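*Asks:* This one is upload27.tsv, TSV, C-alpha atoms.
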chain	number	residue	atom	x	y	z
N	1	MET	CA	0.00	0.00	0.00
N	2	LYS	CA	1.22	3.35	-0.93
N	3	ASP	CA	1.22	6.18	1.60
N	4	ASP	CA	0.59	8.89	-0.99
N	5	TYR	CA	-2.79	9.70	0.49
N	6	LEU	CA	-1.18	10.54	3.80
N	7	TRP	CA	1.14	13.00	2.07
N	8	ASP	CA	-0.95	14.75	-0.55
N	9	ARG	CA	-4.25	12.87	-0.77
N	10	SER	CA	-3.34	11.65	-4.24
N	11	GLY	CA	-3.27	7.92	-3.74
N	12	GLU	CA	-5.86	5.41	-2.74
N	13	PRO	CA	-7.49	6.45	0.55
N	14	ASP	CA	-7.16	4.22	3.57
N	15	PRO	CA	-10.53	3.72	5.29
N	16	GLU	CA	-8.99	4.05	8.77
N	17	VAL	CA	-7.35	7.30	7.85
N	18	GLN	CA	-10.58	8.58	6.38
N	19	GLN	CA	-12.39	7.67	9.57
N	20	LEU	CA	-9.86	9.53	11.64
N	21	GLU	CA	-10.20	12.52	9.34
N	22	GLU	CA	-13.90	12.63	9.91
N	23	ILE	CA	-13.58	12.41	13.68
N	24	LEU	CA	-10.84	14.99	13.99
N	25	GLY	CA	-12.20	17.20	11.23
N	26	THR	CA	-14.80	18.58	13.60
N	27	LEU	CA	-11.98	20.18	15.61
N	28	ARG	CA	-10.31	21.91	12.70
N	29	TYR	CA	-10.06	25.71	12.61
N	30	GLN	CA	-13.30	27.45	11.72
N	31	PRO	CA	-12.80	31.03	10.53
N	32	GLY	CA	-15.00	33.44	12.51
N	33	ALA	CA	-15.04	36.10	15.22
N	34	LEU	CA	-13.86	35.19	18.68
N	35	LYS	CA	-16.76	34.45	20.93
N	36	ILE	CA	-16.20	35.20	24.56
N	37	PRO	CA	-18.66	33.52	26.84
N	38	PRO	CA	-20.70	36.20	28.68
N	39	ASP	CA	-20.23	34.51	32.05
N	40	LEU	CA	-16.42	34.54	31.79
N	41	LYS	CA	-14.84	36.37	34.80
N	42	ILE	CA	-11.58	38.23	34.29
N	43	ASP	CA	-9.24	38.05	37.27
N	44	ARG	CA	-7.60	41.48	37.43
N	45	ARG	CA	-5.24	40.58	40.24
N	46	GLY	CA	-2.82	39.07	37.73
N	47	ASN	CA	-2.51	42.41	35.96
N	48	PHE	CA	-1.20	44.22	39.02
N	49	PHE	CA	2.45	44.11	37.94
N	50	ARG	CA	1.49	45.00	34.41
N	51	ARG	CA	-0.42	48.06	35.54
N	52	MET	CA	2.09	49.16	38.15
N	53	HIS	CA	5.30	48.48	36.26
N	54	PRO	CA	6.26	52.16	35.76
N	55	ALA	CA	6.01	52.89	39.45
N	56	LEU	CA	7.73	49.62	40.30
N	57	ALA	CA	10.59	50.37	37.90
N	58	ILE	CA	11.09	53.81	39.48
N	59	ALA	CA	10.89	52.33	42.96
N	60	ALA	CA	13.43	49.67	42.00
N	61	ALA	CA	15.79	52.28	40.59
N	62	ILE	CA	15.49	54.40	43.74
N	63	ALA	CA	16.02	51.32	45.90
N	64	ILE	CA	19.16	50.42	43.95
N	65	VAL	CA	20.47	53.98	44.32
N	66	LEU	CA	19.72	54.02	48.03
N	67	PHE	CA	21.27	50.61	48.52
N	68	GLY	CA	24.35	51.63	46.57
N	69	SER	CA	24.68	54.85	48.55
N	70	ALA	CA	24.26	53.05	51.85
N	71	LEU	CA	26.83	50.47	50.81
N	72	TRP	CA	29.30	53.11	49.73
N	73	PHE	CA	28.92	55.23	52.86
N	74	GLY	CA	29.02	52.11	54.98
N	75	LEU	CA	32.30	51.06	53.43
N	76	GLN	CA	33.68	54.55	53.90
N	77	ARG	CA	32.67	54.54	57.55
N	78	LEU	CA	34.09	51.07	58.02
N	79	ARG	CA	37.33	52.18	56.49
N	80	ASN	CA	37.50	55.24	58.73
N	81	ASN	CA	36.68	53.21	61.81
N	82	SER	CA	39.18	50.51	61.07
N	83	GLN	CA	42.01	52.43	62.72
N	84	PRO	CA	40.30	53.24	66.02
N	85	GLN	CA	39.48	49.55	66.29
N	86	VAL	CA	43.15	48.88	66.16
N	87	ALA	CA	43.59	51.29	69.05
N	88	GLN	CA	41.99	48.79	71.36
N	89	ALA	CA	44.86	46.42	70.85
N	90	PRO	CA	46.98	45.82	73.95
N	91	PRO	CA	49.43	48.65	74.63
N	92	VAL	CA	52.90	48.24	73.29
N	93	ASN	CA	55.38	47.00	75.84
N	94	PRO	CA	58.56	49.06	75.64
N	95	GLU	CA	60.64	46.03	76.67
N	96	THR	CA	59.45	43.99	73.76
N	97	THR	CA	59.21	46.77	71.27
N	98	PRO	CA	62.04	47.08	68.84
N	99	ALA	CA	64.22	50.12	68.89
N	100	PRO	CA	63.22	53.13	66.89
N	101	ALA	CA	65.09	53.31	63.66
N	102	PRO	CA	68.30	55.24	63.59
N	103	LYS	CA	67.65	58.85	62.86
N	104	VAL	CA	67.65	59.36	59.16
N	105	LYS	CA	68.67	62.83	58.29
N	106	GLU	CA	66.98	64.89	55.71
N	107	PRO	CA	68.00	64.28	52.15
N	108	GLY	CA	70.81	66.51	51.18
N	109	LEU	CA	72.25	66.61	54.70
N	110	ASN	CA	73.45	63.05	54.99
N	111	PRO	CA	75.34	61.80	51.97
N	112	ASP	CA	75.17	58.23	53.26
N	113	TYR	CA	71.43	58.25	53.16
N	114	LYS	CA	70.09	55.92	50.55
N	115	GLU	CA	66.70	55.65	49.08
N	116	ALA	CA	64.17	54.72	51.73
N	117	SER	CA	61.49	52.94	49.88
N	118	VAL	CA	58.93	50.44	50.94
N	119	ALA	CA	61.09	47.79	49.38
N	120	THR	CA	63.72	48.41	52.05
N	121	ILE	CA	61.30	47.93	54.89
N	122	LYS	CA	62.01	44.28	55.43
N	123	ARG	CA	65.76	44.59	55.24
N	124	ARG	CA	66.08	47.54	57.50
N	125	PRO	CA	65.84	45.95	60.97
N	126	GLN	CA	68.50	43.42	60.01
N	127	SER	CA	70.84	46.01	58.63
N	128	PHE	CA	70.78	47.95	61.90
N	129	ALA	CA	70.95	44.88	64.10
N	130	GLY	CA	74.58	45.49	64.91
N	131	ASN	CA	74.05	48.95	66.35
N	132	ARG	CA	75.50	48.60	69.86
N	133	ASN	CA	73.70	51.59	71.29
N	134	ARG	CA	70.39	50.03	70.50
N	135	VAL	CA	71.04	46.40	71.16
N	136	ARG	CA	69.13	46.51	74.43
N	137	ARG	CA	66.04	47.79	72.74
N	138	GLU	CA	66.06	45.38	69.84
N	139	PRO	CA	62.90	43.33	69.61
N	140	VAL	CA	62.87	40.51	72.09
N	141	ILE	CA	61.32	37.61	70.31
N	142	ASN	CA	60.25	34.73	72.46
N	143	ALA	CA	61.21	31.27	71.40
N	144	THR	CA	57.55	30.43	71.45
N	145	GLU	CA	56.62	33.47	69.42
N	146	ASN	CA	55.14	32.73	66.08
N	147	PRO	CA	57.64	33.62	63.35
N	148	LYS	CA	54.81	35.24	61.47
N	149	THR	CA	54.17	37.51	64.45
N	150	ALA	CA	57.84	38.40	64.61
N	151	ALA	CA	57.82	39.21	60.92
N	152	ASN	CA	54.74	41.34	61.38
N	153	ARG	CA	56.40	43.13	64.25
N	154	GLN	CA	59.44	43.88	62.13
N	155	GLU	CA	57.25	45.03	59.31
N	156	ALA	CA	55.31	47.28	61.65
N	157	GLN	CA	58.54	48.72	63.03
N	158	ALA	CA	59.76	49.42	59.52
N	159	ALA	CA	56.44	51.06	58.69
N	160	LYS	CA	56.79	53.17	61.82
N	161	ASP	CA	60.26	54.27	60.76
N	162	GLN	CA	58.95	55.19	57.36
N	163	LEU	CA	56.14	57.11	58.97
N	164	PHE	CA	58.52	59.08	61.15
N	165	LEU	CA	60.69	59.89	58.16
N	166	ALA	CA	57.70	61.07	56.17
N	167	LEU	CA	56.36	63.14	59.05
N	168	ARG	CA	59.78	64.64	59.70
N	169	LEU	CA	60.01	65.84	56.15
N	170	ALA	CA	56.41	66.98	56.01
N	171	SER	CA	56.63	68.84	59.30
N	172	THR	CA	59.92	70.50	58.47
N	173	LYS	CA	58.81	71.58	55.03
N	174	LEU	CA	55.47	72.80	56.29
N	175	LYS	CA	57.04	74.82	59.07
N	176	PHE	CA	59.52	76.19	56.57
N	177	ALA	CA	56.66	77.23	54.31
N	178	GLN	CA	54.90	78.89	57.22
N	179	ARG	CA	58.01	80.84	58.18
N	180	LYS	CA	58.68	81.87	54.64
N	181	ALA	CA	55.11	83.03	54.26
N	182	GLN	CA	55.26	84.95	57.52
N	183	ASN	CA	58.58	86.52	56.56
N	184	SER	CA	57.29	87.59	53.19
N	185	ASN	CA	54.21	89.08	54.82
N	186	SER	CA	56.24	91.03	57.35
N	187	GLN	CA	58.58	92.24	54.60
N	188	ASP	CA	55.60	93.39	52.61
N	189	LEU	CA	54.37	95.30	55.63
N	190	ILE	CA	57.76	96.96	56.04
N	191	HIS	CA	57.88	97.80	52.36
N	192	ASN	CA	54.42	99.30	52.51
N	193	GLN	CA	55.04	101.32	55.65
N	194	HIS	CA	56.51	104.28	53.74
N	195	ARG	CA	53.34	104.42	51.73
N	196	ILE	CA	51.21	104.43	54.85
N	197	GLY	CA	53.15	106.89	56.93
B	1	MET	CA	-1.14	58.96	35.69
B	2	LYS	CA	0.22	56.50	33.19
B	3	PHE	CA	3.86	56.18	32.20
B	4	PRO	CA	4.82	54.49	29.00
B	5	ALA	CA	7.18	51.63	29.69
B	6	LYS	CA	9.88	53.03	27.43
B	7	LYS	CA	9.95	56.38	29.22
B	8	THR	CA	10.01	54.67	32.57
B	9	LEU	CA	13.01	52.62	31.59
B	10	GLN	CA	14.75	55.72	30.27
B	11	LEU	CA	14.04	57.52	33.53
B	12	ALA	CA	15.35	54.63	35.59
B	13	THR	CA	18.49	54.38	33.44
B	14	LEU	CA	19.13	58.11	33.74
B	15	THR	CA	18.72	57.92	37.52
B	16	LEU	CA	21.20	55.09	37.73
B	17	LEU	CA	23.64	56.85	35.45
B	18	ALA	CA	23.38	60.00	37.54
B	19	PHE	CA	24.05	58.01	40.67
B	20	LEU	CA	27.03	56.30	39.09
B	21	GLY	CA	28.31	59.65	37.90
B	22	VAL	CA	28.09	61.17	41.36
B	23	THR	CA	29.79	58.16	42.89
B	24	THR	CA	32.57	58.16	40.33
B	25	THR	CA	33.14	61.88	40.80
B	26	ALA	CA	33.30	61.44	44.55
B	27	LEU	CA	35.80	58.63	44.18
B	28	ALA	CA	37.81	60.55	41.62
B	29	GLN	CA	38.31	63.46	43.99
B	30	ASP	CA	41.02	61.63	45.80
B	31	ALA	CA	43.84	63.73	47.14
B	32	ARG	CA	46.47	61.32	45.87
B	33	ILE	CA	48.94	62.89	43.48
B	34	GLN	CA	50.62	60.79	40.83
B	35	THR	CA	54.37	61.24	40.91
B	36	SER	CA	55.42	58.49	38.53
B	37	GLN	CA	56.07	60.93	35.71
B	38	LEU	CA	58.28	63.09	37.92
B	39	GLU	CA	60.14	60.05	39.15
B	40	ALA	CA	60.73	58.85	35.61
B	41	ALA	CA	62.03	62.26	34.59
B	42	LEU	CA	64.36	62.74	37.55
B	43	ALA	CA	65.44	59.20	38.40
B	44	THR	CA	68.59	59.41	36.34
B	45	LYS	CA	69.38	63.04	37.14
B	46	ALA	CA	69.05	62.97	40.92
B	47	SER	CA	72.03	62.08	43.06
B	48	GLN	CA	69.82	61.05	45.97
B	49	THR	CA	66.23	60.03	46.11
B	50	VAL	CA	63.96	59.65	49.08
B	51	SER	CA	60.75	57.80	48.40
B	52	VAL	CA	58.23	57.03	51.10
B	53	ASP	CA	54.96	55.41	50.14
B	54	LEU	CA	52.66	54.77	53.06
B	55	ASP	CA	49.23	53.68	52.00
B	56	GLU	CA	46.32	53.16	54.35
B	57	LYS	CA	47.33	49.61	55.16
B	58	VAL	CA	50.92	50.44	56.05
B	59	LEU	CA	49.79	53.50	58.00
B	60	GLY	CA	47.41	51.31	59.99
B	61	LEU	CA	50.25	48.94	60.73
B	62	ALA	CA	52.52	51.75	61.92
B	63	TRP	CA	49.65	53.34	63.85
B	64	LYS	CA	49.08	50.10	65.71
B	65	PHE	CA	52.71	50.04	66.71
B	66	LEU	CA	52.83	53.59	68.07
B	67	SER	CA	52.96	53.80	71.81
B	68	THR	CA	49.92	55.10	73.62
B	69	THR	CA	51.94	56.21	76.64
B	70	ASP	CA	54.76	58.14	75.02
B	71	PRO	CA	53.52	61.72	74.56
B	72	ASP	CA	55.46	62.26	71.34
B	73	GLU	CA	54.22	59.10	69.75
B	74	LYS	CA	50.75	59.93	70.94
B	75	LYS	CA	50.97	63.14	68.93
B	76	VAL	CA	51.86	61.12	65.88
B	77	ARG	CA	48.95	58.77	66.56
B	78	ASP	CA	46.61	61.75	66.59
B	79	ILE	CA	47.99	63.04	63.31
B	80	VAL	CA	48.00	59.71	61.54
B	81	SER	CA	44.55	58.66	62.72
B	82	GLY	CA	42.17	58.84	59.80
B	83	LEU	CA	44.86	59.41	57.19
B	84	LYS	CA	44.67	57.36	54.03
B	85	GLY	CA	48.19	57.82	52.82
B	86	ILE	CA	51.45	59.73	53.10
B	87	TYR	CA	53.67	59.93	50.07
B	88	VAL	CA	57.01	61.68	49.96
B	89	LYS	CA	59.33	62.05	47.01
B	90	SER	CA	62.51	64.01	47.40
B	91	PHE	CA	65.21	64.40	44.80
B	92	SER	CA	68.59	65.92	45.50
B	93	PHE	CA	70.99	67.02	42.79
B	94	GLU	CA	74.73	67.46	42.70
B	95	ASN	CA	74.61	70.67	40.73
B	96	GLU	CA	72.19	73.46	40.13
B	97	GLY	CA	70.05	73.47	37.05
B	98	GLU	CA	69.80	69.72	36.68
B	99	TYR	CA	66.05	69.90	36.55
B	100	SER	CA	63.69	72.30	34.91
B	101	ASN	CA	60.30	73.72	35.68
B	102	ALA	CA	58.88	71.47	32.99
B	103	ASP	CA	59.72	68.49	35.21
B	104	LEU	CA	57.50	69.91	37.93
B	105	GLU	CA	54.67	70.56	35.52
B	106	SER	CA	53.38	67.01	35.89
B	107	ILE	CA	52.76	67.75	39.57
B	108	ARG	CA	51.49	71.29	39.18
B	109	SER	CA	49.04	70.30	36.48
B	110	GLN	CA	47.33	67.98	38.95
B	111	LEU	CA	47.08	70.75	41.51
B	112	ARG	CA	45.36	73.19	39.21
B	113	GLY	CA	41.60	73.43	39.10
B	114	SER	CA	38.86	73.79	41.62
B	115	VAL	CA	39.73	70.78	43.77
B	116	TRP	CA	42.98	72.08	45.17
B	117	THR	CA	43.50	75.47	46.80
B	118	LYS	CA	46.93	77.02	46.97
B	119	ILE	CA	47.35	78.47	50.45
B	120	VAL	CA	51.06	79.30	50.42
B	121	ASN	CA	53.22	80.29	47.51
B	122	VAL	CA	56.63	81.68	48.28
B	123	SER	CA	59.21	82.24	45.58
B	124	SER	CA	62.81	82.97	46.39
B	125	LYS	CA	65.76	82.84	44.05
B	126	LYS	CA	68.13	81.83	46.84
B	127	GLU	CA	66.00	79.50	48.89
B	128	GLY	CA	63.69	78.23	46.22
B	129	ASN	CA	59.95	77.98	45.97
B	130	VAL	CA	57.42	76.65	48.40
B	131	GLU	CA	53.88	75.83	47.41
B	132	VAL	CA	51.28	74.43	49.76
B	133	TYR	CA	47.96	73.18	48.44
B	134	LEU	CA	44.93	71.95	50.32
B	135	MET	CA	42.01	69.87	49.23
B	136	GLN	CA	38.91	70.49	51.29
B	137	ALA	CA	35.75	68.46	51.71
B	138	GLY	CA	33.35	70.87	53.35
B	139	ALA	CA	35.03	72.34	56.38
B	140	GLN	CA	37.50	69.51	56.68
B	141	ILE	CA	40.85	69.19	54.97
B	142	SER	CA	40.92	66.04	52.90
B	143	GLY	CA	44.38	66.34	51.47
B	144	LEU	CA	47.63	68.26	51.53
B	145	ALA	CA	50.19	68.72	48.81
B	146	LEU	CA	53.47	70.43	49.46
B	147	LEU	CA	55.92	71.19	46.70
B	148	THR	CA	59.28	72.68	47.50
B	149	SER	CA	61.96	73.28	44.96
B	150	ASP	CA	65.32	74.88	45.35
B	151	PRO	CA	68.23	74.79	42.90
B	152	LYS	CA	69.47	71.46	44.22
B	153	GLU	CA	66.41	69.76	45.62
B	154	ILE	CA	62.80	68.98	44.84
B	155	THR	CA	60.42	67.62	47.43
B	156	VAL	CA	56.84	66.58	46.89
B	157	ILE	CA	54.81	65.67	49.96
B	158	ASN	CA	51.30	64.39	49.58
B	159	ILE	CA	49.09	63.57	52.54
B	160	VAL	CA	45.75	61.99	51.78
B	161	GLY	CA	43.03	62.29	54.38
B	162	PRO	CA	42.05	64.71	57.13
B	163	VAL	CA	45.29	66.27	58.28
B	164	ASP	CA	45.71	68.74	61.12
B	165	LEU	CA	48.25	71.25	59.84
B	166	GLU	CA	48.86	72.76	63.26
B	167	LYS	CA	49.67	69.43	64.84
B	168	LEU	CA	51.81	68.45	61.89
B	169	SER	CA	53.91	71.59	61.95
B	170	ASP	CA	54.20	71.32	65.74
B	171	LEU	CA	56.03	68.04	65.30
B	172	GLU	CA	59.14	69.98	64.39
B	173	GLY	CA	61.57	69.57	67.24
B	174	ASN	CA	60.32	66.10	68.10
B	175	PHE	CA	61.72	62.77	66.90
B	176	GLY	CA	64.93	64.41	65.83
B	177	ILE	CA	63.14	66.85	63.58
B	178	PRO	CA	65.42	69.84	63.56
B	179	GLU	CA	64.02	73.22	64.46
B	180	LEU	CA	65.17	75.45	61.69
B	181	ASN	CA	64.75	78.72	63.59
B	182	LEU	CA	65.45	80.70	60.50
B	183	GLU	CA	64.83	83.99	62.20
B	184	LYS	CA	67.41	83.32	64.91
B	185	SER	CA	70.05	82.11	62.51
B	186	LYS	CA	70.00	85.30	60.52
B	187	PRO	CA	73.18	87.33	61.02
B	188	LYS	CA	72.50	90.37	63.11
B	189	SER	CA	73.54	93.69	61.76
B	190	LYS	CA	76.17	95.55	63.75
B	191	ASN	CA	74.15	98.74	63.88
With the file now loaded, output its structure as structure tokens.

*Replies:*
Amino acid sequence: MKDDYLWDRSGEPDPEVQQLEEILGTLRYQPGALKIPPDLKIDRRGNFFRRMHPALAIAAAIAIVLFGSALWFGLQRLRNNSQPQVAQAPPVNPETTPAPAPKVKEPGLNPDYKEASVATIKRRPQSFAGNRNRVRREPVINATENPKTAANRQEAQAAKDQLFLALRLASTKLKFAQRKAQNSNSQDLIHNQHRIG
Amino acid sequence: MKFPAKKTLQLATLTLLAFLGVTTTALAQDARIQTSQLEAALATKASQTVSVDLDEKVLGLAWKFLSTTDPDEKKVRDIVSGLKGIYVKSFSFENEGEYSNADLESIRSQLRGSVWTKIVNVSSKKEGNVEVYLMQAGAQISGLALLTSDPKEITVINIVGPVDLEKLSDLEGNFGIPELNLEKSKPKSKN
């Protein structure tokens, strides 16, 4: 038996197929206007998001902005508060604290002074370890002390030295600027005195 | 009132963009000055270089290690508290004229504009120039930039964060910081 009828209705029809066609044919598409049953109830609750989407979009945008702002300010505050939290750490024991770094003179005054960069931080305590005047105040590291703690201590000491160096320079230069400004002001006053009197 | 969906989305996008713009601007107004260009220009010319880079993390580490009992170190604690960075670059030269004003332009160009305010500007042929700039956030100082240049030395100091100038300048005389006493050292006239 050929299946042409199934493809294009050209061959000999199969009675079973014809029977099926008749049964299912009643369900085929009938062109015509859509008929809505009069008793059909439309549930409007499902359209809430559709109706309110402009307001919801604005609210979502505002919420994102507020959340972002709160997050940003929170991080800023956390960052600012991180140092005072450190202040609650146990006070530094002078016996166990390492010696302050040897005084580093201002650049230009001490020809032996080499570049003090962060890269030198770790080497510095070792390089000054032989300083006899400061041997007693070198960091006392317990045998039980964690090597990581000792390394941190050395790193902190180096950071402290760097801080002192930076503050020395900043303070000196700032004071110098203040004096220069004051001098120039007073000189201006003296220069202008002949004009006044 | 009915908003078309397209307009609503545009409005929401604009709001977000505005927020991002404000945030980016706020973040961009950092008091940190870039000195890499100056370093590159003067690295080979300078006979001595001092470079101190203390970011917030290193400052916190040093701050933790400062004594709370020693009055001098307590002063430093007060100054450092809240700071986000201290950066110092100092270049010393063997001879005069080894650098030019163009080398300093990379620093000065960052200090121009509405963000920084020049509070001190002293020019002296003998002793060089001193420029002090402040960045302010409201009533509070949020950054300091100090640029000194004399014939044989250039120093750029940049402090990021709320700095107390009075306390900072009062440090002179402590921790081996020499008191310059310029007025006293001047030769007195015999008259």

*Asks:* So that I can see what lies close to region 156-165 of chain B, please list as a PyMOL selection string the residues with an atom at most 10 Å from it, counting only C-alpha atoms and leaving out residues fewer than 2 positions away in the same chain.

*Replies:* (chain N and resi 80+166-167+169-171+173-175) or (chain B and resi 30-35+38+51-56+78-91+104+107+131-137+140-149+154+167-170)

*Asks:* Can you tell me how far CA of Gly113 (chain B) sits from CA of Asn101 (chain B), in Å to one decimal?

*Replies:*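 Interatomic distance here is 19.0 Å.
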
*Asks:* What is the distance, in Å and to one decimal place, between CA of Leu78 (chain N) and CA of Val58 (chain B)?

*Replies:*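 One can read the CA of Leu78 (chain N) to CA of Val58 (chain B) distance as 17.0 Å.
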
*Asks:* Grab the CA of Ala139 (chain B) to CA of Ala181 (chain N) distance for me, in Å with one decimal place.

*Replies:*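 It comes out at 22.8 Å.
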
*Asks:* When you count all atoms listed in the file, which of these residues is closest to chain N: B:Leu111, B:Leu42, B:Val76, B:Leu61?

*Replies:*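 Residue with the minimum atom-to-atom distance to chain N: B:Leu61.
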
*Asks:* Using only C-alpha atoms, which protein or nucleic acid residues come within 10 Å of region 71-74 of chain B? Drop anything in the same chain fewer than 4 positions from it, and give the result as a ChimeraX atom specification.

*Replies:* /N:164 /B:63,65-67,78-80,171,174-175

*Asks:* Might you pull out every residue within 12 Å of Thr44 (chain B), with all atoms listed in the file counted and same-chain residues fewer than 3 positions away left off, and present them as an mmCIF file with C-alpha atoms, keeping the file's coordinate frame?

*Replies:*
data_model
loop_
_atom_site.group_PDB
_atom_site.id
_atom_site.type_symbol
_atom_site.label_atom_id
_atom_site.label_comp_id
_atom_site.auth_asym_id
_atom_site.auth_seq_id
_atom_site.Cartn_x
_atom_site.Cartn_y
_atom_site.Cartn_z
ATOM 1 C CA LEU B 38 58.280 63.090 37.920
ATOM 2 C CA GLU B 39 60.140 60.050 39.150
ATOM 3 C CA ALA B 40 60.730 58.850 35.610
ATOM 4 C CA ALA B 41 62.030 62.260 34.590
ATOM 5 C CA SER B 47 72.030 62.080 43.060
ATOM 6 C CA GLN B 48 69.820 61.050 45.970
ATOM 7 C CA THR B 49 66.230 60.030 46.110
ATOM 8 C CA PHE B 91 65.210 64.400 44.800
ATOM 9 C CA SER B 92 68.590 65.920 45.500
ATOM 10 C CA PHE B 93 70.990 67.020 42.790
ATOM 11 C CA GLU B 94 74.730 67.460 42.700
ATOM 12 C CA GLU B 98 69.800 69.720 36.680
ATOM 13 C CA TYR B 99 66.050 69.900 36.550
#

*Asks:* Please complete region 162-182 of chain N with N, CA and C atoms and give it back as a PDB file, in the coordinates of the input.

*Replies:*
ATOM      1  N   GLN N 162      59.310  54.471  58.577  1.00  0.00           N
ATOM      2  CA  GLN N 162      58.950  55.190  57.360  1.00  0.00           C
ATOM      3  C   GLN N 162      58.006  56.349  57.674  1.00  0.00           C
ATOM      4  N   LEU N 163      57.104  56.079  58.593  1.00  0.00           N
ATOM      5  CA  LEU N 163      56.140  57.110  58.970  1.00  0.00           C
ATOM      6  C   LEU N 163      56.847  58.299  59.613  1.00  0.00           C
ATOM      7  N   PHE N 164      57.779  57.997  60.497  1.00  0.00           N
ATOM      8  CA  PHE N 164      58.520  59.080  61.150  1.00  0.00           C
ATOM      9  C   PHE N 164      59.300  59.906  60.131  1.00  0.00           C
ATOM     10  N   LEU N 165      59.923  59.193  59.203  1.00  0.00           N
ATOM     11  CA  LEU N 165      60.690  59.890  58.160  1.00  0.00           C
ATOM     12  C   LEU N 165      59.779  60.807  57.350  1.00  0.00           C
ATOM     13  N   ALA N 166      58.639  60.277  56.966  1.00  0.00           N
ATOM     14  CA  ALA N 166      57.700  61.070  56.170  1.00  0.00           C
ATOM     15  C   ALA N 166      57.199  62.273  56.958  1.00  0.00           C
ATOM     16  N   LEU N 167      56.878  62.039  58.231  1.00  0.00           N
ATOM     17  CA  LEU N 167      56.360  63.140  59.050  1.00  0.00           C
ATOM     18  C   LEU N 167      57.434  64.185  59.328  1.00  0.00           C
ATOM     19  N   ARG N 168      58.667  63.697  59.508  1.00  0.00           N
ATOM     20  CA  ARG N 168      59.780  64.640  59.700  1.00  0.00           C
ATOM     21  C   ARG N 168      59.856  65.599  58.524  1.00  0.00           C
ATOM     22  N   LEU N 169      59.892  65.009  57.357  1.00  0.00           N
ATOM     23  CA  LEU N 169      60.010  65.840  56.150  1.00  0.00           C
ATOM     24  C   LEU N 169      58.803  66.762  56.006  1.00  0.00           C
ATOM     25  N   ALA N 170      57.628  66.188  56.192  1.00  0.00           N
ATOM     26  CA  ALA N 170      56.410  66.980  56.010  1.00  0.00           C
ATOM     27  C   ALA N 170      56.362  68.130  57.011  1.00  0.00           C
ATOM     28  N   SER N 171      56.683  67.817  58.254  1.00  0.00           N
ATOM     29  CA  SER N 171      56.630  68.840  59.300  1.00  0.00           C
ATOM     30  C   SER N 171      57.649  69.943  59.037  1.00  0.00           C
ATOM     31  N   THR N 172      58.864  69.516  58.697  1.00  0.00           N
ATOM     32  CA  THR N 172      59.920  70.500  58.470  1.00  0.00           C
ATOM     33  C   THR N 172      59.580  71.405  57.287  1.00  0.00           C
ATOM     34  N   LYS N 173      59.131  70.785  56.221  1.00  0.00           N
ATOM     35  CA  LYS N 173      58.810  71.580  55.030  1.00  0.00           C
ATOM     36  C   LYS N 173      57.611  72.493  55.278  1.00  0.00           C
ATOM     37  N   LEU N 174      56.661  71.989  56.023  1.00  0.00           N
ATOM     38  CA  LEU N 174      55.470  72.800  56.290  1.00  0.00           C
ATOM     39  C   LEU N 174      55.812  74.004  57.174  1.00  0.00           C
ATOM     40  N   LYS N 175      56.613  73.732  58.177  1.00  0.00           N
ATOM     41  CA  LYS N 175      57.040  74.820  59.070  1.00  0.00           C
ATOM     42  C   LYS N 175      57.852  75.851  58.272  1.00  0.00           C
ATOM     43  N   PHE N 176      58.697  75.320  57.411  1.00  0.00           N
ATOM     44  CA  PHE N 176      59.520  76.190  56.570  1.00  0.00           C
ATOM     45  C   PHE N 176      58.625  77.084  55.700  1.00  0.00           C
ATOM     46  N   ALA N 177      57.597  76.470  55.149  1.00  0.00           N
ATOM     47  CA  ALA N 177      56.660  77.230  54.310  1.00  0.00           C
ATOM     48  C   ALA N 177      55.956  78.298  55.132  1.00  0.00           C
ATOM     49  N   GLN N 178      55.574  77.927  56.343  1.00  0.00           N
ATOM     50  CA  GLN N 178      54.900  78.890  57.220  1.00  0.00           C
ATOM     51  C   GLN N 178      55.810  80.078  57.516  1.00  0.00           C
ATOM     52  N   ARG N 179      57.060  79.763  57.848  1.00  0.00           N
ATOM     53  CA  ARG N 179      58.010  80.840  58.180  1.00  0.00           C
ATOM     54  C   ARG N 179      58.271  81.737  56.973  1.00  0.00           C
ATOM     55  N   LYS N 180      58.430  81.076  55.849  1.00  0.00           N
ATOM     56  CA  LYS N 180      58.680  81.870  54.640  1.00  0.00           C
ATOM     57  C   LYS N 180      57.491  82.781  54.342  1.00  0.00           C
ATOM     58  N   ALA N 181      56.309  82.230  54.518  1.00  0.00           N
ATOM     59  CA  ALA N 181      55.110  83.030  54.260  1.00  0.00           C
ATOM     60  C   ALA N 181      55.012  84.184  55.236  1.00  0.00           C
ATOM     61  N   GLN N 182      55.311  83.886  56.505  1.00  0.00           N
ATOM     62  CA  GLN N 182      55.260  84.950  57.520  1.00  0.00           C
ATOM     63  C   GLN N 182      56.304  86.019  57.234  1.00  0.00           C
TER      64      GLN N 182
END
